[in-house]
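Student: Sharing work-v4.cif, mmCIF, C-alpha atoms and all ligand atoms:
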data_start
#
loop_
_atom_site.label_atom_id
_atom_site.label_comp_id
_atom_site.auth_asym_id
_atom_site.auth_seq_id
_atom_site.Cartn_x
_atom_site.Cartn_y
_atom_site.Cartn_z
CA MET A 1 14.87 -35.81 43.42
CA LYS A 2 17.30 -32.88 43.89
CA VAL A 3 17.75 -31.19 40.49
CA VAL A 4 21.38 -30.15 39.93
CA ARG A 5 22.29 -27.84 37.03
CA VAL A 6 25.59 -28.67 35.30
CA SER A 7 27.70 -26.66 32.82
CA ILE A 8 30.24 -28.62 30.75
CA PHE A 9 33.32 -26.74 29.50
CA GLY A 10 35.08 -28.60 26.70
CA PHE A 11 33.45 -31.32 24.58
CA GLY A 12 36.19 -33.59 23.29
CA THR A 13 36.92 -37.27 24.00
CA VAL A 14 36.19 -37.03 27.74
CA GLY A 15 33.31 -34.54 27.41
CA ARG A 16 31.47 -36.75 24.95
CA ALA A 17 32.04 -39.88 27.04
CA LEU A 18 30.66 -37.93 30.01
CA ALA A 19 27.58 -36.99 27.97
CA GLU A 20 26.83 -40.68 27.39
CA ILE A 21 27.15 -41.51 31.09
CA MET A 22 24.97 -38.54 32.09
CA ALA A 23 22.29 -39.59 29.61
CA GLU A 24 22.21 -43.10 31.04
CA ARG A 25 22.85 -42.45 34.75
CA GLY A 26 21.86 -38.82 35.29
CA ARG A 27 19.29 -39.77 37.96
CA ARG A 28 21.13 -41.48 40.81
CA PHE A 29 21.35 -41.24 44.64
CA GLY A 30 18.37 -38.84 44.83
CA VAL A 31 19.99 -36.44 42.37
CA GLU A 32 18.80 -35.48 38.88
CA LEU A 33 21.61 -33.96 36.82
CA ARG A 34 20.57 -31.51 34.09
CA ILE A 35 23.03 -30.11 31.52
CA VAL A 36 22.30 -26.38 31.19
CA SER A 37 25.26 -25.40 28.99
CA ILE A 38 28.06 -26.95 26.94
CA THR A 39 31.06 -24.98 25.66
CA ASP A 40 33.50 -25.88 22.94
CA ARG A 41 35.86 -23.62 21.00
CA SER A 42 33.00 -22.50 18.74
CA GLY A 43 31.01 -21.07 21.68
CA THR A 44 28.47 -21.92 24.39
CA ILE A 45 24.99 -23.42 23.92
CA TRP A 46 22.65 -22.70 26.84
CA GLY A 47 19.30 -24.28 27.71
CA ASP A 48 17.95 -27.69 28.75
CA ILE A 49 20.38 -29.79 26.68
CA ASP A 50 19.97 -33.44 25.72
CA PRO A 51 23.48 -34.94 26.17
CA LEU A 52 23.14 -37.53 23.41
CA GLU A 53 21.86 -34.98 20.90
CA ALA A 54 24.77 -32.68 21.78
CA LYS A 55 27.23 -35.58 21.31
CA GLU A 56 25.63 -36.39 17.93
CA VAL A 57 25.88 -32.76 16.76
CA LYS A 58 29.53 -32.51 17.84
CA GLU A 59 30.47 -35.78 16.15
CA THR A 60 28.61 -35.12 12.88
CA MET A 61 29.10 -31.34 12.53
CA GLY A 62 32.38 -30.86 14.44
CA ARG A 63 31.24 -27.82 16.45
CA LEU A 64 28.32 -27.03 18.77
CA SER A 65 27.72 -23.64 17.13
CA ALA A 66 26.36 -25.55 14.10
CA TRP A 67 23.36 -26.67 16.18
CA ASP A 68 20.58 -24.30 15.05
CA GLU A 69 18.24 -25.32 17.90
CA TYR A 70 20.29 -23.16 20.26
CA GLU A 71 21.49 -19.58 20.36
CA VAL A 72 25.30 -19.66 20.57
CA PHE A 73 26.94 -17.35 23.11
CA ASP A 74 30.50 -16.09 22.86
CA PHE A 75 31.16 -15.99 26.61
CA SER A 76 34.61 -15.77 28.13
CA PRO A 77 35.11 -18.60 30.67
CA GLU A 78 34.36 -16.16 33.53
CA GLU A 79 31.26 -14.76 31.76
CA LEU A 80 30.02 -18.34 31.30
CA VAL A 81 30.00 -18.78 35.08
CA GLN A 82 28.43 -15.36 35.79
CA GLU A 83 25.71 -15.63 33.09
CA VAL A 84 24.72 -19.32 33.30
CA ARG A 85 25.32 -19.70 37.08
CA PRO A 86 25.23 -23.52 37.16
CA ASP A 87 25.28 -25.49 40.41
CA ILE A 88 28.38 -27.33 39.15
CA LEU A 89 30.98 -26.31 36.55
CA VAL A 90 32.66 -29.31 34.89
CA ASP A 91 35.93 -28.62 33.06
CA VAL A 92 36.88 -31.36 30.60
CA SER A 93 38.80 -29.01 28.31
CA SER A 94 42.50 -28.65 27.50
CA HIS A 95 42.38 -24.93 28.44
CA ASP A 96 45.51 -24.52 30.59
CA GLU A 97 44.43 -21.06 31.85
CA ALA A 98 41.09 -22.15 33.39
CA PHE A 99 42.17 -21.02 36.90
CA SER A 100 40.24 -17.72 36.96
CA MET A 101 37.08 -19.47 35.74
CA TYR A 102 37.36 -21.91 38.64
CA GLU A 103 38.12 -19.15 41.15
CA THR A 104 35.10 -17.11 39.96
CA ALA A 105 32.84 -20.17 40.29
CA LEU A 106 34.12 -21.31 43.70
CA LYS A 107 33.83 -17.83 45.22
CA GLU A 108 30.20 -17.75 44.02
CA GLY A 109 29.55 -21.08 45.77
CA ILE A 110 29.51 -23.02 42.48
CA GLY A 111 31.11 -26.48 42.71
CA VAL A 112 34.01 -27.23 40.33
CA VAL A 113 34.79 -30.66 38.92
CA THR A 114 37.74 -31.05 36.58
CA SER A 115 39.95 -33.50 34.69
CA ASN A 116 42.18 -30.61 33.53
CA LYS A 117 45.49 -30.74 35.44
CA PRO A 118 47.41 -27.43 35.03
CA PRO A 119 44.87 -25.21 36.89
CA ILE A 120 44.95 -27.56 39.91
CA ALA A 121 48.72 -28.24 39.73
CA ASN A 122 49.60 -24.55 39.46
CA HIS A 123 46.94 -22.90 41.64
CA TYR A 124 45.98 -25.48 44.29
CA ARG A 125 46.34 -23.21 47.34
CA GLU A 126 44.40 -20.29 45.79
CA LEU A 127 41.61 -22.60 44.62
CA MET A 128 41.23 -24.31 47.99
CA LYS A 129 41.01 -20.83 49.55
CA ALA A 130 38.33 -19.79 47.03
CA ALA A 131 36.40 -23.02 47.75
CA GLU A 132 36.55 -22.27 51.49
CA GLU A 133 35.42 -18.67 50.89
CA GLY A 134 32.48 -19.69 48.70
CA GLY A 135 31.53 -22.80 50.66
CA ALA A 136 31.83 -24.77 47.41
CA GLY A 137 33.46 -28.10 46.57
CA LEU A 138 36.54 -28.52 44.38
CA PHE A 139 36.90 -32.05 42.94
CA PHE A 140 39.68 -33.26 40.65
CA GLU A 141 39.80 -37.08 40.83
CA ALA A 142 40.23 -37.48 37.08
CA THR A 143 43.32 -35.23 36.92
CA VAL A 144 45.52 -38.07 38.24
CA MET A 145 45.13 -41.70 37.03
CA ALA A 146 41.81 -40.75 35.37
CA GLY A 147 38.94 -42.67 37.05
CA THR A 148 41.30 -44.81 39.16
CA PRO A 149 40.59 -43.20 42.56
CA VAL A 150 44.07 -42.27 43.85
CA ILE A 151 42.94 -38.71 44.75
CA GLY A 152 39.98 -39.94 46.81
CA LEU A 153 42.26 -42.50 48.45
CA LEU A 154 44.62 -39.75 49.64
CA ARG A 155 42.06 -36.97 50.20
CA GLU A 156 39.37 -38.90 52.07
CA ASN A 157 41.41 -41.69 53.68
CA LEU A 158 44.82 -42.26 55.36
CA LEU A 159 44.05 -39.04 57.27
CA GLY A 160 45.98 -40.21 60.35
CA ASP A 161 48.98 -41.29 58.28
CA ASP A 162 51.96 -39.22 57.24
CA VAL A 163 52.70 -39.93 53.58
CA LEU A 164 56.43 -40.65 53.20
CA SER A 165 56.69 -41.09 49.43
CA ILE A 166 54.82 -41.92 46.25
CA GLU A 167 56.42 -43.65 43.28
CA ALA A 168 54.13 -43.91 40.26
CA VAL A 169 53.47 -44.36 36.59
CA LEU A 170 51.07 -41.47 35.96
CA ASN A 171 51.04 -41.04 32.19
CA ALA A 172 49.17 -43.60 30.06
CA SER A 173 50.45 -42.32 26.70
CA THR A 174 54.14 -42.85 27.48
CA THR A 175 53.41 -46.30 28.93
CA PHE A 176 51.51 -47.15 25.77
CA ILE A 177 54.32 -45.79 23.56
CA LEU A 178 57.06 -47.59 25.53
CA THR A 179 55.20 -50.91 25.52
CA GLU A 180 54.64 -50.59 21.78
CA MET A 181 58.36 -49.89 21.33
CA GLU A 182 59.15 -52.97 23.46
CA ARG A 183 57.13 -54.94 20.90
CA GLY A 184 59.25 -53.55 18.06
CA SER A 185 57.28 -50.46 17.00
CA SER A 186 59.16 -47.26 16.12
CA PHE A 187 58.66 -44.24 18.42
CA GLU A 188 56.76 -42.35 15.68
CA LYS A 189 54.43 -45.30 14.93
CA ALA A 190 53.79 -45.82 18.64
CA VAL A 191 52.83 -42.13 19.03
CA GLU A 192 50.39 -42.48 16.13
CA LYS A 193 48.80 -45.54 17.77
CA ALA A 194 48.56 -43.70 21.12
CA LYS A 195 46.66 -40.93 19.32
CA GLU A 196 44.11 -43.53 18.12
CA GLN A 197 43.53 -44.55 21.75
CA GLY A 198 42.21 -41.03 22.60
CA ILE A 199 44.73 -40.69 25.45
CA LEU A 200 47.31 -38.22 24.06
CA GLU A 201 47.05 -34.56 25.11
CA GLU A 202 45.95 -32.05 22.47
CA ASP A 203 49.67 -31.14 22.47
CA PRO A 204 51.37 -34.61 22.60
CA SER A 205 54.70 -33.09 23.72
CA LYS A 206 53.07 -32.64 27.16
CA ASP A 207 52.97 -36.45 27.42
CA ILE A 208 56.26 -37.24 25.68
CA ASP A 209 58.35 -34.65 27.54
CA GLY A 210 56.96 -35.58 30.98
CA ILE A 211 54.98 -32.35 31.51
CA ASP A 212 51.65 -34.17 32.01
CA ALA A 213 53.21 -36.55 34.54
CA MET A 214 54.81 -33.58 36.30
CA HIS A 215 51.44 -31.81 36.62
CA LYS A 216 49.94 -34.95 38.11
CA ALA A 217 52.88 -35.38 40.48
CA LYS A 218 52.41 -31.76 41.64
CA ILE A 219 48.73 -32.47 42.40
CA LEU A 220 49.68 -35.60 44.36
CA HIS A 221 52.29 -33.54 46.24
CA TRP A 222 49.69 -30.90 47.20
CA VAL A 223 47.19 -33.50 48.43
CA ALA A 224 49.79 -35.62 50.26
CA PHE A 225 51.89 -32.83 51.82
CA GLY A 226 49.66 -29.72 51.66
CA GLN A 227 52.45 -27.60 50.21
CA GLU A 228 54.20 -26.80 46.94
CA ALA A 229 57.19 -28.92 45.93
CA GLU A 230 60.34 -26.73 45.92
CA GLU A 231 62.43 -29.06 43.72
CA VAL A 232 60.93 -30.30 40.43
CA GLU A 233 63.00 -32.20 37.84
CA VAL A 234 61.46 -33.48 34.60
CA LYS A 235 62.87 -35.66 31.78
CA GLY A 236 60.69 -37.23 29.08
CA ILE A 237 61.10 -40.31 26.89
CA ARG A 238 62.47 -38.84 23.62
CA GLU A 239 65.96 -40.25 24.25
CA VAL A 240 64.80 -43.79 25.11
CA THR A 241 66.06 -46.27 22.49
CA ASP A 242 65.95 -49.57 24.40
CA ALA A 243 62.45 -49.54 25.91
CA ARG A 244 62.70 -52.92 27.67
CA ARG A 245 60.98 -52.55 31.06
CA VAL A 246 61.31 -48.75 30.82
CA ARG A 247 58.48 -46.62 32.20
CA LEU A 248 58.13 -42.88 32.90
CA ILE A 249 58.37 -42.81 36.69
CA ALA A 250 57.26 -39.96 38.98
CA GLU A 251 58.94 -39.90 42.40
CA VAL A 252 57.17 -37.67 44.94
CA SER A 253 58.52 -36.97 48.41
CA LYS A 254 58.03 -33.94 50.69
CA GLY A 255 59.36 -30.92 48.85
CA ARG A 256 60.64 -32.88 45.83
CA ILE A 257 59.33 -34.22 42.52
CA ARG A 258 61.37 -36.10 39.93
CA VAL A 259 59.92 -37.41 36.64
CA GLN A 260 62.21 -39.54 34.45
CA PRO A 261 62.31 -42.77 32.41
CA LYS A 262 63.59 -45.69 34.53
CA ARG A 263 64.30 -49.33 33.73
CA LEU A 264 62.29 -51.39 36.21
CA SER A 265 63.04 -54.83 37.62
CA GLU A 266 60.92 -57.78 36.53
CA GLY A 267 57.88 -58.07 38.83
CA SER A 268 57.90 -54.38 39.78
CA PRO A 269 54.29 -53.25 40.54
CA LEU A 270 55.05 -50.24 38.32
CA LEU A 271 55.77 -52.41 35.26
CA THR A 272 52.36 -51.60 33.75
CA GLU A 273 51.15 -52.23 30.20
CA GLY A 274 48.91 -50.32 27.79
CA VAL A 275 47.01 -47.51 29.55
CA LEU A 276 47.44 -48.85 33.09
CA ASN A 277 48.79 -46.44 35.73
CA ALA A 278 50.11 -47.54 39.12
CA ALA A 279 51.23 -45.83 42.33
CA VAL A 280 53.19 -47.22 45.29
CA ILE A 281 52.25 -45.09 48.32
CA ARG A 282 54.37 -45.38 51.48
CA THR A 283 53.07 -44.02 54.80
CA ASP A 284 54.30 -44.22 58.40
CA LEU A 285 51.32 -46.20 59.80
CA LEU A 286 50.24 -48.36 56.87
CA GLY A 287 53.64 -49.11 55.34
CA GLU A 288 53.21 -49.63 51.61
CA LEU A 289 50.11 -49.79 49.45
CA VAL A 290 49.70 -50.10 45.68
CA ILE A 291 46.86 -48.71 43.59
CA LYS A 292 46.74 -49.77 39.95
CA GLY A 293 44.12 -49.06 37.25
CA PRO A 294 43.46 -47.48 33.86
CA GLY A 295 44.84 -43.96 33.57
CA GLY A 296 43.49 -42.85 30.21
CA GLY A 297 40.62 -43.08 27.75
CA GLY A 298 37.31 -41.26 27.38
CA LYS A 299 35.07 -43.51 29.50
CA VAL A 300 37.85 -44.27 32.01
CA THR A 301 38.25 -40.54 32.66
CA ALA A 302 34.56 -39.71 32.53
CA SER A 303 34.05 -42.34 35.25
CA GLY A 304 36.10 -40.19 37.65
CA VAL A 305 34.47 -36.95 36.48
CA PHE A 306 30.95 -38.36 36.91
CA SER A 307 31.72 -39.68 40.38
CA ASP A 308 33.02 -36.24 41.35
CA ILE A 309 29.87 -34.58 39.96
CA LEU A 310 27.77 -36.74 42.32
CA LYS A 311 30.12 -35.84 45.20
CA ALA A 312 29.83 -32.15 44.32
CA ALA A 313 26.05 -32.53 44.09
CA SER A 314 25.84 -33.96 47.58
CA TYR A 315 28.87 -31.89 48.65
CA MET A 316 30.94 -33.96 51.02
CA LYS A 317 33.60 -31.54 52.28
CA PRO A 318 37.04 -33.30 52.06
CA LEU A 319 39.36 -32.54 54.97
CA ARG A 320 42.24 -31.65 52.64
N1 LIG B 1 41.79 -38.40 27.48
C1 LIG B 1 42.21 -38.91 28.63
O1 LIG B 1 42.50 -40.11 28.76
C2 LIG B 1 42.34 -38.01 29.82
C3 LIG B 1 42.21 -36.64 29.68
N2 LIG B 1 42.35 -35.85 30.81
C4 LIG B 1 42.23 -34.40 30.67
O2 LIG B 1 40.86 -34.08 30.38
C5 LIG B 1 40.80 -32.97 29.50
C6 LIG B 1 40.05 -33.37 28.23
O3 LIG B 1 40.76 -34.43 27.63
P1 LIG B 1 40.27 -34.98 26.20
O4 LIG B 1 38.79 -34.93 26.13
O5 LIG B 1 40.97 -36.25 25.97
O6 LIG B 1 40.89 -33.86 25.23
P2 LIG B 1 40.36 -33.40 23.80
O7 LIG B 1 41.48 -32.66 23.17
O8 LIG B 1 39.68 -34.53 23.11
O9 LIG B 1 39.19 -32.37 24.19
C7 LIG B 1 39.50 -31.16 24.83
C8 LIG B 1 38.46 -30.19 24.34
O10 LIG B 1 38.65 -28.94 25.01
C9 LIG B 1 38.35 -27.93 24.07
N3 LIG B 1 38.94 -26.67 24.49
C10 LIG B 1 40.24 -26.38 24.68
N4 LIG B 1 40.37 -25.08 25.05
C11 LIG B 1 39.11 -24.58 25.11
C12 LIG B 1 38.55 -23.31 25.42
N5 LIG B 1 39.34 -22.29 25.77
N6 LIG B 1 37.21 -23.14 25.36
C13 LIG B 1 36.42 -24.18 25.01
N7 LIG B 1 36.85 -25.41 24.70
C14 LIG B 1 38.19 -25.60 24.76
C15 LIG B 1 38.96 -28.44 22.77
O11 LIG B 1 38.36 -27.80 21.68
C16 LIG B 1 38.60 -29.92 22.83
O12 LIG B 1 37.34 -30.15 22.24
C17 LIG B 1 42.25 -32.54 29.24
O13 LIG B 1 42.60 -31.52 30.16
C18 LIG B 1 43.05 -33.82 29.55
O14 LIG B 1 44.36 -33.52 30.01
C19 LIG B 1 42.55 -36.35 32.07
C20 LIG B 1 42.67 -37.70 32.24
C21 LIG B 1 42.60 -38.62 31.12
N1 LIG B 2 47.53 -37.72 28.16
C1 LIG B 2 47.24 -38.28 29.48
C2 LIG B 2 45.75 -38.51 29.61
C3 LIG B 2 45.41 -38.79 31.00
O1 LIG B 2 45.70 -37.96 31.89
C4 LIG B 2 47.97 -39.61 29.66
O2 LIG B 2 48.47 -40.12 28.66
O3 LIG B 2 48.03 -40.10 30.79
NA NA B 3 42.00 -40.50 39.55
#
What's the structure tokens form of this structure?

Tutor:
Amino acid sequence: MKVVRVSIFGFGTVGRALAEIMAERGRRFGVELRIVSITDRSGTIWGDIDPLEAKEVKETMGRLSAWDEYEVFDFSPEELVQEVRPDILVDVSSHDEAFSMYETALKEGIGVVTSNKPPIANHYRELMKAAEEGGAGLFFEATVMAGTPVIGLLRENLLGDDVLSIEAVLNASTTFILTEMERGSSFEKAVEKAKEQGILEEDPSKDIDGIDAMHKAKILHWVAFGQEAEEVEVKGIREVTDARRVRLIAEVSKGRIRVQPKRLSEGSPLLTEGVLNAAVIRTDLLGELVIKGPGGGGKVTASGVFSDILKAASYMKPLR
């Protein structure tokens, strides 16, 4: 068994769902995953950590620093990487400025797995360069459509195709809110219910105002076209009153991203319900393909993170 040392940064809904999966499936495909540190806002615990015990402490005491079995370190994100030196850094936090932590890790040859979108959306080119320099893997499946593997589909397949466009529902919270409103719920009530699903961002305006969907569309644009989108337009769902068949739609074509609420026709593959996301991908050789699956929730997201951890552990270098 190849022992792989993992540091987890952030221990909220996704981090705790990941802990459960790692406890149950941490020995798989000749790899034994060991959690050597977990960080939440109260600090970093460092040692040979039992994932289920850590989850229990977080859920009963609210912060990892309350766990007296471990010394708590007040590392900056970069210090965490330099002191702990894991084999793989897993970011399941809502820390928008995690870019320099990733860059430090990748340049040191430490693999990075993340579900946190802004660092990838805003620093894709620099991070891929750092990964190349350090000979490390950068994996971000769960940043777009959670565990539904749209990133792997584009990054590891269709390599002979030219992507022409992607039209997608990428935000589970707004779909959930809009479908609740279709059923007669007020906007405010629907937002409250979305919070109970564990899918809303720590700052729900990121979902409601289309910022989360925009970040995801930027990541899709980088993977599909290998360049930054010059034109980005974003409109959220605050002004939607008649929610019938309305979804927050991201349109991605070379150089251009547009996120806005749109009323869809009956039978549209994008007319999703609940937390389902969907993407219609058009390429020159294949024509049109649709990928649809859950785009939010702790386990749903941890599924994509865990799969990426195994990829990082056996480091399969994606071509883009
Ligand atoms: N919940 C979902 O369905 C999905 C979430 N994601 C992304 O995964 C990440 C985690 O999501 P959730 O677990 O749902 O969020 P959450 O809000 O439940 O947990 C995020 C955790 O990160 C911690 N955190 C934030 N800044 C930190 C810092 N500087 N240092 C240490 N800890 C810090 C917070 O204290 C919190 O415990 C977010 O980036 C989210 O956008 C991606 C796909 C789906
Ligand atoms: N807040 C996000 C969580 C998944 O990325 C969403 O609602 O889609
Ligand atoms: Na995904």

Student: Quick one: of A:Glu230, A:Glu69, A:Glu156, A:Glu141, who's nearest to ligand NA 3 (chain B), counting only C-alpha atoms and all ligand atoms?

Tutor: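 Residue with the minimum atom-to-atom distance to ligand NA 3 (chain B): A:Glu141.
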
Student: Residues contacting ligand LIG 1 (chain B) - anything with an atom at most 6 Å away, using only C-alpha atoms and all ligand atoms - can you give me those as an MDAnalysis selection string?

Tutor: chainID A and resid 10:15 39:41 92:95 115:116 142:143 146 198:199 201:202 296:298 301

Student: Please extract the residues at most 10 Å from ligand NA 3 (chain B), counting only C-alpha atoms and all ligand atoms, and provide them as a JSON list (two decimals) with C-alpha atoms, in the frame of the given file, using the chain letters and residue numbers of this document.

Tutor:
[["chain", "number", "residue", "atom", "x", "y", "z"],
["A", 115, "SER", "CA", 39.95, -33.50, 34.69],
["A", 140, "PHE", "CA", 39.68, -33.26, 40.65],
["A", 141, "GLU", "CA", 39.80, -37.08, 40.83],
["A", 142, "ALA", "CA", 40.23, -37.48, 37.08],
["A", 143, "THR", "CA", 43.32, -35.23, 36.92],
["A", 144, "VAL", "CA", 45.52, -38.07, 38.24],
["A", 145, "MET", "CA", 45.13, -41.70, 37.03],
["A", 146, "ALA", "CA", 41.81, -40.75, 35.37],
["A", 147, "GLY", "CA", 38.94, -42.67, 37.05],
["A", 148, "THR", "CA", 41.30, -44.81, 39.16],
["A", 149, "PRO", "CA", 40.59, -43.20, 42.56],
["A", 150, "VAL", "CA", 44.07, -42.27, 43.85],
["A", 151, "ILE", "CA", 42.94, -38.71, 44.75],
["A", 152, "GLY", "CA", 39.98, -39.94, 46.81],
["A", 153, "LEU", "CA", 42.26, -42.50, 48.45],
["A", 170, "LEU", "CA", 51.07, -41.47, 35.96],
["A", 216, "LYS", "CA", 49.94, -34.95, 38.11],
["A", 277, "ASN", "CA", 48.79, -46.44, 35.73],
["A", 293, "GLY", "CA", 44.12, -49.06, 37.25],
["A", 294, "PRO", "CA", 43.46, -47.48, 33.86],
["A", 295, "GLY", "CA", 44.84, -43.96, 33.57],
["A", 296, "GLY", "CA", 43.49, -42.85, 30.21],
["A", 300, "VAL", "CA", 37.85, -44.27, 32.01],
["A", 301, "THR", "CA", 38.25, -40.54, 32.66],
["A", 303, "SER", "CA", 34.05, -42.34, 35.25],
["A", 304, "GLY", "CA", 36.10, -40.19, 37.65],
["A", 305, "VAL", "CA", 34.47, -36.95, 36.48]]

Student: Which of these residues is nearest to A:Ser307, using all atoms listed in the file: A:Thr114, A:Thr104, A:Ser7, A:Ser37?

Tutor: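 Closest residue, counting all atoms listed in the file: A:Thr114.
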
Student: From the options A:Val290, A:Leu264, A:Ile211, A:Ile281, which residue's atoms come nearest to ligand LIG 2 (chain B), counting all atoms listed in the file?

Tutor: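 Comparing A:Val290, A:Leu264, A:Ile211, A:Ile281 against ligand LIG 2 (chain B), the winner is A:Ile211.
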
Student: Can you tell me, as a PyMOL selection string, what residues are no more than 12 Å from A:Ser100 when counting all atoms listed in the file, ignoring any on the same chain fewer than 4 positions away?

Tutor: chain A and resi 76-81+95-96+104-107+112+119-120+122-123+126-127+130

Student: Could you please take those selected residues and save C-alpha atoms as a compact mmCIF listing (two decimals), in the coordinates of the input?

Tutor:
# COMPACT_ATOMS: atom_id res chain seq x y z
CA SER A 76 34.61 -15.77 28.13
CA PRO A 77 35.11 -18.60 30.67
CA GLU A 78 34.36 -16.16 33.53
CA GLU A 79 31.26 -14.76 31.76
CA LEU A 80 30.02 -18.34 31.30
CA VAL A 81 30.00 -18.78 35.08
CA HIS A 95 42.38 -24.93 28.44
CA ASP A 96 45.51 -24.52 30.59
CA THR A 104 35.10 -17.11 39.96
CA ALA A 105 32.84 -20.17 40.29
CA LEU A 106 34.12 -21.31 43.70
CA LYS A 107 33.83 -17.83 45.22
CA VAL A 112 34.01 -27.23 40.33
CA PRO A 119 44.87 -25.21 36.89
CA ILE A 120 44.95 -27.56 39.91
CA ASN A 122 49.60 -24.55 39.46
CA HIS A 123 46.94 -22.90 41.64
CA GLU A 126 44.40 -20.29 45.79
CA LEU A 127 41.61 -22.60 44.62
CA ALA A 130 38.33 -19.79 47.03

Student: Restricting the calculation to only C-alpha atoms: of A:Leu164, A:Ile291, A:Ile88, A:Ala243, which residue gets closest to A:Gly109?

Tutor: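 Among the listed residues, the smallest separation from A:Gly109 belongs to A:Ile88.
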
Student: Counting all atoms listed in the file, find residues at most 12 Å from (29.4, -33.1, 47.8) (file frame) and give them as a PyMOL selection string.

Tutor: chain A and resi 4+29+31+87-88+110-113+135-139+307-318

Student: Given the choices A:Glu228, A:Asp242, A:Asp203, A:Asp162, which gets closest to A:Gly184 if the distance is worked out from all atoms listed in the file?

Tutor: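 Nearest candidate to A:Gly184 out of A:Glu228, A:Asp242, A:Asp203, A:Asp162: A:Asp242.
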
Student: Hey, can you check how far atom CA of A:Glu188 sits from atom CA of A:Arg238?

Tutor: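 Straight-line distance from atom CA of A:Glu188 to atom CA of A:Arg238 works out to 10.4 Å.
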
Student: Hey, could you pull the box centre and edge lengths for ligand LIG 2 (chain B), axis-aligned, 8 Å padding per side, all listed atoms, to one decimal in Å, as JSON?

Tutor:
{"center_x": 46.9, "center_y": -38.9, "center_z": 30.0, "size_x": 19.1, "size_y": 18.4, "size_z": 19.7}

Student: Just how far from atom CA of A:Arg28 is atom CA of A:Glu83, in Å to one decimal?

Tutor: 27.4 Å

Student: Using Å and a single decimal, report how far atom CA of A:Lys235 sits from atom CA of A:Val163.

Tutor: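 Interatomic distance here is 24.4 Å.
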
Student: Could you name the residues that touch A:Ala194 at 10 Å or less, counting only C-alpha atoms, but leaving out those on the same chain fewer than 3 positions away, as a list in words?

Tutor: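 In the requested form, the answer reads Ala172, Ser173, Thr174, Thr175, Phe176, Ile177, Glu180, Glu188, Lys189, Ala190, Val191, Gln197, Gly198, Ile199, Leu200, Pro204, Gly274 and Val275 of chain A.
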
Student: Point out the residue among A:Ser253, A:Trp46, A:Ala278, A:Lys55 with the least atom-to-atom distance to A:Ala23, counting all atoms listed in the file.

Tutor: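 Among the listed residues, A:Lys55 lies closest to A:Ala23.
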
Student: Neighbours of A:Glu266 within 12 Å (only C-alpha atoms; same-chain residues fewer than 5 positions away dropped), as a PyMOL selection string?

Tutor: chain A and resi 244-246+271-272

Student: I'd like the contact shell of A:Phe306 - 9 Å cut-off, only C-alpha atoms, skipping same-chain residues fewer than 6 positions apart - returned as a list in words.

Tutor: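 The residues satisfying every condition are Leu18, Ile21, Met22 and Val113 of chain A.
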
Student: So that I can see what lies close to A:Arg247, please list as a PDB file with C-alpha atoms, in the coordinates of the input the residues with an atom at most 7 Å from it, counting all atoms listed in the file and leaving out residues fewer than 5 positions away in the same chain.

Tutor:
ATOM      1  CA  THR A 175      53.410 -46.300  28.930  1.00  0.00           C
ATOM      2  CA  LEU A 178      57.060 -47.590  25.530  1.00  0.00           C
ATOM      3  CA  PRO A 261      62.310 -42.770  32.410  1.00  0.00           C
ATOM      4  CA  LYS A 262      63.590 -45.690  34.530  1.00  0.00           C
ATOM      5  CA  ARG A 263      64.300 -49.330  33.730  1.00  0.00           C
TER       6      ARG A 263
END
